[in-house]
>>> print(open('upload.cif').read())   # mmCIF, C-alpha atoms
data_coords
#
loop_
_atom_site.group_PDB
_atom_site.id
_atom_site.type_symbol
_atom_site.label_atom_id
_atom_site.label_comp_id
_atom_site.auth_asym_id
_atom_site.auth_seq_id
_atom_site.Cartn_x
_atom_site.Cartn_y
_atom_site.Cartn_z
ATOM 1 C CA MET A 16 0.000 0.000 0.000
ATOM 2 C CA LEU A 17 0.995 3.613 -0.501
ATOM 3 C CA ILE A 18 -0.858 6.721 0.684
ATOM 4 C CA THR A 19 -0.125 10.325 -0.310
ATOM 5 C CA GLU A 20 -1.420 13.155 1.883
ATOM 6 C CA ARG A 21 -1.019 16.899 2.346
ATOM 7 C CA THR A 22 0.314 17.608 -1.158
ATOM 8 C CA CYS A 23 1.572 21.148 -1.681
ATOM 9 C CA VAL A 24 2.892 22.487 -5.020
ATOM 10 C CA MET A 25 4.897 25.711 -4.791
ATOM 11 C CA ASN A 26 6.826 28.366 -6.739
ATOM 12 C CA PHE A 27 5.099 28.087 -10.126
ATOM 13 C CA GLU A 28 5.121 31.863 -10.666
ATOM 14 C CA ASN A 29 8.811 32.308 -9.903
ATOM 15 C CA ALA A 30 9.758 29.274 -12.011
ATOM 16 C CA ILE A 31 7.900 30.587 -15.057
ATOM 17 C CA ARG A 32 9.347 34.067 -14.625
ATOM 18 C CA GLY A 33 12.813 32.517 -14.477
ATOM 19 C CA ALA A 34 12.078 30.541 -17.640
ATOM 20 C CA ARG A 35 11.647 33.890 -19.413
ATOM 21 C CA ASN A 36 14.958 35.318 -18.198
ATOM 22 C CA PRO A 37 17.095 34.104 -21.153
ATOM 23 C CA MET A 38 14.984 36.081 -23.674
ATOM 24 C CA ASN A 39 13.980 38.960 -21.354
ATOM 25 C CA SER A 40 10.380 38.143 -22.295
ATOM 26 C CA TRP A 41 8.732 38.943 -18.959
ATOM 27 C CA ALA A 42 6.268 41.304 -20.653
ATOM 28 C CA ARG A 43 4.622 38.278 -22.279
ATOM 29 C CA MET A 44 3.728 36.715 -18.929
ATOM 30 C CA ASP A 45 -0.042 36.235 -18.764
ATOM 31 C CA SER A 46 -0.581 33.846 -15.824
ATOM 32 C CA THR A 47 -2.915 34.648 -12.924
ATOM 33 C CA TYR A 48 -4.209 33.276 -9.629
ATOM 34 C CA ASP A 49 -7.782 32.014 -9.378
ATOM 35 C CA GLU A 50 -10.178 32.727 -6.527
ATOM 36 C CA LYS A 51 -8.774 29.764 -4.564
ATOM 37 C CA GLY A 52 -5.227 31.043 -4.817
ATOM 38 C CA ASN A 53 -4.162 28.458 -7.402
ATOM 39 C CA PHE A 54 -1.661 29.567 -10.041
ATOM 40 C CA VAL A 55 -3.175 29.393 -13.534
ATOM 41 C CA LEU A 56 -0.847 29.423 -16.530
ATOM 42 C CA GLY A 57 -1.944 31.798 -19.268
ATOM 43 C CA PRO A 58 -1.740 30.799 -22.957
ATOM 44 C CA ASN A 59 1.659 32.443 -23.505
ATOM 45 C CA ASP A 60 3.224 30.998 -20.374
ATOM 46 C CA LEU A 61 1.758 27.546 -20.952
ATOM 47 C CA ASP A 62 3.047 27.477 -24.531
ATOM 48 C CA LEU A 63 6.558 28.393 -23.369
ATOM 49 C CA ALA A 64 6.450 25.937 -20.473
ATOM 50 C CA LYS A 65 5.435 23.072 -22.770
ATOM 51 C CA ARG A 66 8.027 23.883 -25.422
ATOM 52 C CA LEU A 67 10.842 24.015 -22.888
ATOM 53 C CA ALA A 68 9.654 20.823 -21.182
ATOM 54 C CA ARG A 69 9.725 18.975 -24.504
ATOM 55 C CA ALA A 70 13.167 20.349 -25.385
ATOM 56 C CA GLY A 71 14.948 18.259 -22.756
ATOM 57 C CA SER A 72 16.504 18.634 -19.326
ATOM 58 C CA ASP A 73 19.038 21.275 -20.441
ATOM 59 C CA HIS A 74 16.216 23.613 -21.492
ATOM 60 C CA ARG A 75 13.623 22.887 -18.819
ATOM 61 C CA LYS A 76 15.666 23.948 -15.819
ATOM 62 C CA TYR A 77 12.630 25.878 -14.567
ATOM 63 C CA LEU A 78 10.988 22.547 -13.687
ATOM 64 C CA ARG A 79 13.608 22.095 -10.969
ATOM 65 C CA GLN A 80 12.163 25.226 -9.357
ATOM 66 C CA ILE A 81 8.590 23.906 -9.126
ATOM 67 C CA PHE A 82 8.601 22.314 -5.695
ATOM 68 C CA VAL A 83 6.323 19.625 -4.295
ATOM 69 C CA SER A 84 5.916 18.592 -0.661
ATOM 70 C CA VAL A 85 3.902 15.497 0.251
ATOM 71 C CA ASP A 86 3.482 13.045 3.112
ATOM 72 C CA ILE A 87 3.925 9.468 1.855
ATOM 73 C CA THR A 88 3.080 6.401 3.908
ATOM 74 C CA ALA A 89 4.565 3.248 2.406
ATOM 75 C CA PRO A 90 6.273 -0.013 3.430
ATOM 76 C CA LEU A 91 9.983 -0.123 4.117
ATOM 77 C CA TYR A 92 10.566 -2.365 1.082
ATOM 78 C CA TRP A 93 9.243 0.468 -1.132
ATOM 79 C CA TRP A 94 11.229 3.158 0.663
ATOM 80 C CA LYS A 95 14.424 1.202 -0.081
ATOM 81 C CA GLU A 96 13.717 1.661 -3.787
ATOM 82 C CA PHE A 97 12.647 5.284 -3.424
ATOM 83 C CA ASP A 98 15.989 6.053 -1.768
ATOM 84 C CA THR A 99 17.547 5.592 -5.218
ATOM 85 C CA TYR A 100 16.428 9.177 -5.880
ATOM 86 C CA LYS A 101 18.971 11.196 -3.924
ATOM 87 C CA VAL A 102 19.316 14.269 -6.149
ATOM 88 C CA GLY A 103 16.565 16.856 -5.810
ATOM 89 C CA THR A 104 14.776 15.070 -2.973
ATOM 90 C CA VAL A 105 14.632 15.515 0.796
ATOM 91 C CA ALA A 106 12.745 13.285 3.243
ATOM 92 C CA ASN A 107 12.113 13.410 6.977
ATOM 93 C CA SER A 108 10.802 10.099 8.289
ATOM 94 C CA CYS A 109 9.012 8.910 11.379
ATOM 95 C CA SER A 110 11.644 7.218 13.533
ATOM 96 C CA THR A 111 11.556 3.492 14.209
ATOM 97 C CA MET A 112 14.598 3.912 16.457
ATOM 98 C CA HIS A 113 12.833 6.302 18.833
ATOM 99 C CA LYS A 114 9.138 5.523 18.367
ATOM 100 C CA ILE A 115 8.824 1.834 17.492
ATOM 101 C CA HIS A 116 7.442 1.178 20.984
ATOM 102 C CA ALA A 117 5.033 4.154 21.075
ATOM 103 C CA LYS A 118 1.885 2.240 20.071
ATOM 104 C CA PRO A 119 0.704 -1.365 19.941
ATOM 105 C CA PHE A 120 1.566 -3.331 16.799
ATOM 106 C CA GLU A 121 -1.478 -3.985 14.606
ATOM 107 C CA ARG A 122 -2.058 -5.542 11.209
ATOM 108 C CA ASP A 123 -2.729 -2.117 9.682
ATOM 109 C CA ASP A 124 0.841 -1.108 10.521
ATOM 110 C CA PHE A 125 2.023 -3.439 7.752
ATOM 111 C CA SER A 126 1.343 -3.624 4.018
ATOM 112 C CA ASN A 127 -0.478 -6.928 3.633
ATOM 113 C CA ASP A 128 -2.870 -6.347 0.715
ATOM 114 C CA TYR A 129 -1.270 -9.076 -1.427
ATOM 115 C CA LEU A 130 -0.738 -11.751 1.251
ATOM 116 C CA ASP A 131 -2.648 -15.017 1.068
ATOM 117 C CA GLU A 132 -4.133 -16.707 4.146
ATOM 118 C CA GLY A 133 -0.853 -18.416 5.016
ATOM 119 C CA GLY A 134 1.031 -15.157 4.712
ATOM 120 C CA LEU A 135 -1.474 -13.367 6.941
ATOM 121 C CA GLN A 136 -1.149 -16.075 9.587
ATOM 122 C CA ALA A 137 2.636 -15.711 9.551
ATOM 123 C CA LEU A 138 2.317 -11.937 9.805
ATOM 124 C CA ASP A 139 -0.128 -12.203 12.714
ATOM 125 C CA ALA A 140 2.271 -14.504 14.562
ATOM 126 C CA LEU A 141 5.120 -12.037 14.068
ATOM 127 C CA ILE A 142 2.907 -9.143 15.176
ATOM 128 C CA ALA A 143 2.023 -11.038 18.365
ATOM 129 C CA TYR A 144 5.719 -11.603 19.100
ATOM 130 C CA LEU A 145 6.653 -7.972 18.364
ATOM 131 C CA GLU A 146 3.827 -6.752 20.581
ATOM 132 C CA GLY A 147 5.058 -8.956 23.412
ATOM 133 C CA GLU A 148 8.550 -7.483 23.119
ATOM 134 C CA ARG A 149 7.100 -3.973 22.910
ATOM 135 C CA VAL A 150 5.220 -4.498 26.164
ATOM 136 C CA LYS A 151 8.393 -5.761 27.839
ATOM 137 C CA PHE A 152 10.291 -2.673 26.716
ATOM 138 C CA THR A 153 7.594 -0.195 27.751
ATOM 139 C CA GLN A 154 7.545 -1.779 31.209
ATOM 140 C CA ASP A 155 11.333 -1.662 31.516
ATOM 141 C CA LYS A 156 13.201 0.778 29.242
ATOM 142 C CA THR A 157 16.495 -0.780 30.303
ATOM 143 C CA ASN A 158 15.456 -4.042 28.587
ATOM 144 C CA LYS A 159 17.563 -3.477 25.482
ATOM 145 C CA GLN A 160 17.136 -7.097 24.401
ATOM 146 C CA ALA A 161 13.407 -6.553 23.840
ATOM 147 C CA TRP A 162 14.195 -3.380 21.868
ATOM 148 C CA HIS A 163 16.753 -5.201 19.701
ATOM 149 C CA ASN A 164 14.255 -8.003 19.091
ATOM 150 C CA MET A 165 11.747 -5.471 17.770
ATOM 151 C CA ILE A 166 14.240 -3.608 15.586
ATOM 152 C CA GLN A 167 15.897 -6.663 14.057
ATOM 153 C CA LEU A 168 12.683 -8.602 13.417
ATOM 154 C CA LEU A 169 10.656 -5.675 12.069
ATOM 155 C CA PRO A 170 9.604 -6.842 8.576
ATOM 156 C CA SER A 171 10.070 -4.741 5.462
ATOM 157 C CA SER A 172 6.281 -4.574 5.110
ATOM 158 C CA PHE A 173 6.174 -2.145 8.073
ATOM 159 C CA ASN A 174 4.613 1.141 6.947
ATOM 160 C CA GLN A 175 6.537 4.351 7.531
ATOM 161 C CA MET A 176 5.449 7.933 6.901
ATOM 162 C CA ARG A 177 7.907 10.442 5.470
ATOM 163 C CA THR A 178 7.478 14.086 4.515
ATOM 164 C CA VAL A 179 9.113 14.308 1.094
ATOM 165 C CA SER A 180 10.200 17.329 -0.962
ATOM 166 C CA LEU A 181 10.726 16.934 -4.713
ATOM 167 C CA ASN A 182 10.545 18.988 -7.895
ATOM 168 C CA TYR A 183 8.928 18.490 -11.287
ATOM 169 C CA GLU A 184 12.173 17.407 -12.993
ATOM 170 C CA VAL A 185 12.650 14.634 -10.419
ATOM 171 C CA LEU A 186 9.020 13.601 -10.941
ATOM 172 C CA ILE A 187 9.638 13.201 -14.683
ATOM 173 C CA ASN A 188 12.471 10.791 -13.897
ATOM 174 C CA ILE A 189 10.411 8.857 -11.359
ATOM 175 C CA TYR A 190 7.347 8.625 -13.593
ATOM 176 C CA TYR A 191 9.148 7.178 -16.611
ATOM 177 C CA ALA A 192 11.419 4.897 -14.600
ATOM 178 C CA ARG A 193 8.685 3.384 -12.399
ATOM 179 C CA ARG A 194 5.282 3.564 -14.132
ATOM 180 C CA THR A 195 5.501 -0.078 -15.300
ATOM 181 C CA HIS A 196 7.196 -1.431 -12.170
ATOM 182 C CA LYS A 197 5.967 -4.708 -10.657
ATOM 183 C CA LEU A 198 5.322 -3.077 -7.260
ATOM 184 C CA ALA A 199 1.797 -1.679 -7.034
ATOM 185 C CA GLU A 200 3.051 1.135 -4.807
ATOM 186 C CA TRP A 201 4.873 2.713 -7.743
ATOM 187 C CA HIS A 202 1.668 2.711 -9.791
ATOM 188 C CA THR A 203 -0.107 4.512 -6.972
ATOM 189 C CA LEU A 204 2.662 7.105 -6.821
ATOM 190 C CA CYS A 205 2.578 7.593 -10.606
ATOM 191 C CA ASP A 206 -1.194 8.154 -10.423
ATOM 192 C CA TRP A 207 -0.532 10.810 -7.775
ATOM 193 C CA ILE A 208 2.080 12.429 -10.048
ATOM 194 C CA LEU A 209 -0.531 12.662 -12.819
ATOM 195 C CA SER A 210 -2.879 14.482 -10.417
ATOM 196 C CA LEU A 211 -0.460 17.395 -9.919
ATOM 197 C CA PRO A 212 -1.066 20.767 -11.627
ATOM 198 C CA TYR A 213 -0.137 20.661 -15.311
ATOM 199 C CA ALA A 214 1.306 17.155 -14.974
ATOM 200 C CA ARG A 215 -0.002 16.133 -18.403
ATOM 201 C CA GLU A 216 1.666 19.128 -20.050
ATOM 202 C CA LEU A 217 4.938 19.329 -18.108
ATOM 203 C CA ILE A 218 5.694 15.892 -16.591
ATOM 204 C CA THR A 219 4.423 13.354 -19.143
ATOM 205 C CA VAL A 220 6.358 15.150 -21.864
ATOM 206 C CA ARG A 221 7.353 11.987 -23.730
ATOM 207 C CA GLU A 222 3.732 11.078 -24.401
ATOM 208 C CA GLU A 223 3.157 14.504 -25.903
ATOM 209 C CA ASN A 224 6.225 14.110 -28.087
#
>>> encode(input="upload.cif", output="structure tokens")
Amino acid sequence: MLITERTCVMNFENAIRGARNPMNSWARMDSTYDEKGNFVLGPNDLDLAKRLARAGSDHRKYLRQIFVSVDITAPLYWWKEFDTYKVGTVANSCSTMHKIHAKPFERDDFSNDYLDEGGLQALDALIAYLEGERVKFTQDKTNKQAWHNMIQLLPSSFNQMRTVSLNYEVLINIYYARRTHKLAEWHTLCDWILSLPYARELITVREEN
């Protein structure tokens, strides 16, 4: 499973203004803000933005200045793959080191949507063991063995939330590298990418080509 929450897209106006710097064409800017405060690209600005996006990474540097912040909850096995993207991304995660004992372990703490009955039984048995060790540790914080048992047996299906910052250029790379991936979580993330403002015009540039 993968959940995206609290999406915020920022700096469209400054990015488009910067895209006009090479030709000093600021007078042609025609974008506005709607009544909800959303940035709306005008015909001139949208035409320029699309042309530069199609021209390749050397010409669409302005996309690196369109910032996105989002909270993503996903299993650790997915986060290991996401960590491939080191350039242009920042992530602050909930801490398993400090907070693994803060609440009881439950099935919903783990991605299990593709497990069969046998897999669910194995997961439930592990959850019961982890919960027993958690209780031991909460009763005696000096019981480091119980803490180590939790940390070292925590499965990669454990869901972790991270607040992630990206930009539109990074999202182009992610979308085309992962949209056909075998993990369903990547498909969910790619669907979220397509929901962003002007994603069809500026992120899925290869389809338009």
>>> resolve_selection(input="upload.cif", expression="the PyMOL selection byres ((chain A and resi 77-85) around 7)", output="list in words")
Thr19, Glu20, Arg21, Thr22, Cys23, Val24, Met25, Asn26, Phe27, Ala30, Ile31, Gly33, Ala34, Arg75, Lys76, Asp86, Ile87, Thr178, Val179, Ser180, Leu181, Asn182, Tyr183 and Glu184 of chain A
>>> atom_distance(input="upload.cif", atom1="CA of Leu204 in chain A", atom2="CA of Leu63 in chain A")
27.2 Å
>>> residues_around(input="upload.cif", residues="Arg43 in chain A", least_positions_apart="5", cutoff="12 Å", atoms="all atoms listed in the file", output="list in words")
Ile31, Arg32, Ala34, Arg35, Asn36, Met38, Leu56, Gly57, Pro58, Asn59, Asp60, Leu61, Asp62 and Leu63 of chain A
>>> resolve_selection(input="upload.cif", expression="the PyMOL selection byres ((chain A and resi 141) around 12)", output="mmCIF file with C-alpha atoms, in the coordinates of the input")
data_model
loop_
_atom_site.group_PDB
_atom_site.id
_atom_site.type_symbol
_atom_site.label_atom_id
_atom_site.label_comp_id
_atom_site.auth_asym_id
_atom_site.auth_seq_id
_atom_site.Cartn_x
_atom_site.Cartn_y
_atom_site.Cartn_z
ATOM 1 C CA PHE A 120 1.566 -3.331 16.799
ATOM 2 C CA GLU A 121 -1.478 -3.985 14.606
ATOM 3 C CA ARG A 122 -2.058 -5.542 11.209
ATOM 4 C CA PHE A 125 2.023 -3.439 7.752
ATOM 5 C CA GLY A 134 1.031 -15.157 4.712
ATOM 6 C CA LEU A 135 -1.474 -13.367 6.941
ATOM 7 C CA GLN A 136 -1.149 -16.075 9.587
ATOM 8 C CA ALA A 137 2.636 -15.711 9.551
ATOM 9 C CA LEU A 138 2.317 -11.937 9.805
ATOM 10 C CA ASP A 139 -0.128 -12.203 12.714
ATOM 11 C CA ALA A 140 2.271 -14.504 14.562
ATOM 12 C CA ILE A 142 2.907 -9.143 15.176
ATOM 13 C CA ALA A 143 2.023 -11.038 18.365
ATOM 14 C CA TYR A 144 5.719 -11.603 19.100
ATOM 15 C CA LEU A 145 6.653 -7.972 18.364
ATOM 16 C CA GLU A 146 3.827 -6.752 20.581
ATOM 17 C CA GLY A 147 5.058 -8.956 23.412
ATOM 18 C CA GLU A 148 8.550 -7.483 23.119
ATOM 19 C CA ASN A 164 14.255 -8.003 19.091
ATOM 20 C CA MET A 165 11.747 -5.471 17.770
ATOM 21 C CA LEU A 168 12.683 -8.602 13.417
ATOM 22 C CA LEU A 169 10.656 -5.675 12.069
ATOM 23 C CA PRO A 170 9.604 -6.842 8.576
ATOM 24 C CA SER A 172 6.281 -4.574 5.110
ATOM 25 C CA PHE A 173 6.174 -2.145 8.073
#
>>> axis_aligned_box(input="upload.cif", around="range 54-68 of chain A", padding_each_side="8 Å", output="JSON")
{"center_x": 3.8, "center_y": 26.6, "center_z": -17.7, "size_x": 30.0, "size_y": 27.6, "size_z": 31.4}
>>> residues_around(input="upload.cif", residues="Gln167 in chain A", least_positions_apart="5", cutoff="12 Å", atoms="only C-alpha atoms", output="list in words")
Thr111, Met112, Ile115, Leu145, Glu148, Lys159, Gln160, Ala161 and Trp162 of chain A
>>> closest_residue(input="upload.cif", among="A:Lys51, A:Arg66, A:Lys101, A:His163", to="Val185 in chain A", atoms="all atoms listed in the file")
A:Lys101
>>> resolve_selection(input="upload.cif", expression="the PyMOL selection byres ((chain A and resi 92) around 10)", output="ChimeraX atom specification")
/A:89-91,93-97,126,170-174,198
>>> atom_distance(input="upload.cif", atom1="CA of Leu186 in chain A", atom2="CA of Thr219 in chain A")
9.4 Å
>>> decode(input="upload.cif", residues="range 95-143 of chain A", atoms="C-alpha atoms", output="short mmCIF file (atom, residue, chain, number, x, y, z; two decimals), in the first residue's frame")
data_model
loop_
_atom_site.label_atom_id
_atom_site.label_comp_id
_atom_site.auth_asym_id
_atom_site.auth_seq_id
_atom_site.Cartn_x
_atom_site.Cartn_y
_atom_site.Cartn_z
CA LYS A 95 14.42 1.20 -0.08
CA GLU A 96 13.72 1.66 -3.79
CA PHE A 97 12.65 5.28 -3.42
CA ASP A 98 15.99 6.05 -1.77
CA THR A 99 17.55 5.59 -5.22
CA TYR A 100 16.43 9.18 -5.88
CA LYS A 101 18.97 11.20 -3.92
CA VAL A 102 19.32 14.27 -6.15
CA GLY A 103 16.56 16.86 -5.81
CA THR A 104 14.78 15.07 -2.97
CA VAL A 105 14.63 15.51 0.80
CA ALA A 106 12.74 13.29 3.24
CA ASN A 107 12.11 13.41 6.98
CA SER A 108 10.80 10.10 8.29
CA CYS A 109 9.01 8.91 11.38
CA SER A 110 11.64 7.22 13.53
CA THR A 111 11.56 3.49 14.21
CA MET A 112 14.60 3.91 16.46
CA HIS A 113 12.83 6.30 18.83
CA LYS A 114 9.14 5.52 18.37
CA ILE A 115 8.82 1.83 17.49
CA HIS A 116 7.44 1.18 20.98
CA ALA A 117 5.03 4.15 21.07
CA LYS A 118 1.89 2.24 20.07
CA PRO A 119 0.70 -1.36 19.94
CA PHE A 120 1.57 -3.33 16.80
CA GLU A 121 -1.48 -3.99 14.61
CA ARG A 122 -2.06 -5.54 11.21
CA ASP A 123 -2.73 -2.12 9.68
CA ASP A 124 0.84 -1.11 10.52
CA PHE A 125 2.02 -3.44 7.75
CA SER A 126 1.34 -3.62 4.02
CA ASN A 127 -0.48 -6.93 3.63
CA ASP A 128 -2.87 -6.35 0.71
CA TYR A 129 -1.27 -9.08 -1.43
CA LEU A 130 -0.74 -11.75 1.25
CA ASP A 131 -2.65 -15.02 1.07
CA GLU A 132 -4.13 -16.71 4.15
CA GLY A 133 -0.85 -18.42 5.02
CA GLY A 134 1.03 -15.16 4.71
CA LEU A 135 -1.47 -13.37 6.94
CA GLN A 136 -1.15 -16.08 9.59
CA ALA A 137 2.64 -15.71 9.55
CA LEU A 138 2.32 -11.94 9.81
CA ASP A 139 -0.13 -12.20 12.71
CA ALA A 140 2.27 -14.50 14.56
CA LEU A 141 5.12 -12.04 14.07
CA ILE A 142 2.91 -9.14 15.18
CA ALA A 143 2.02 -11.04 18.36
#
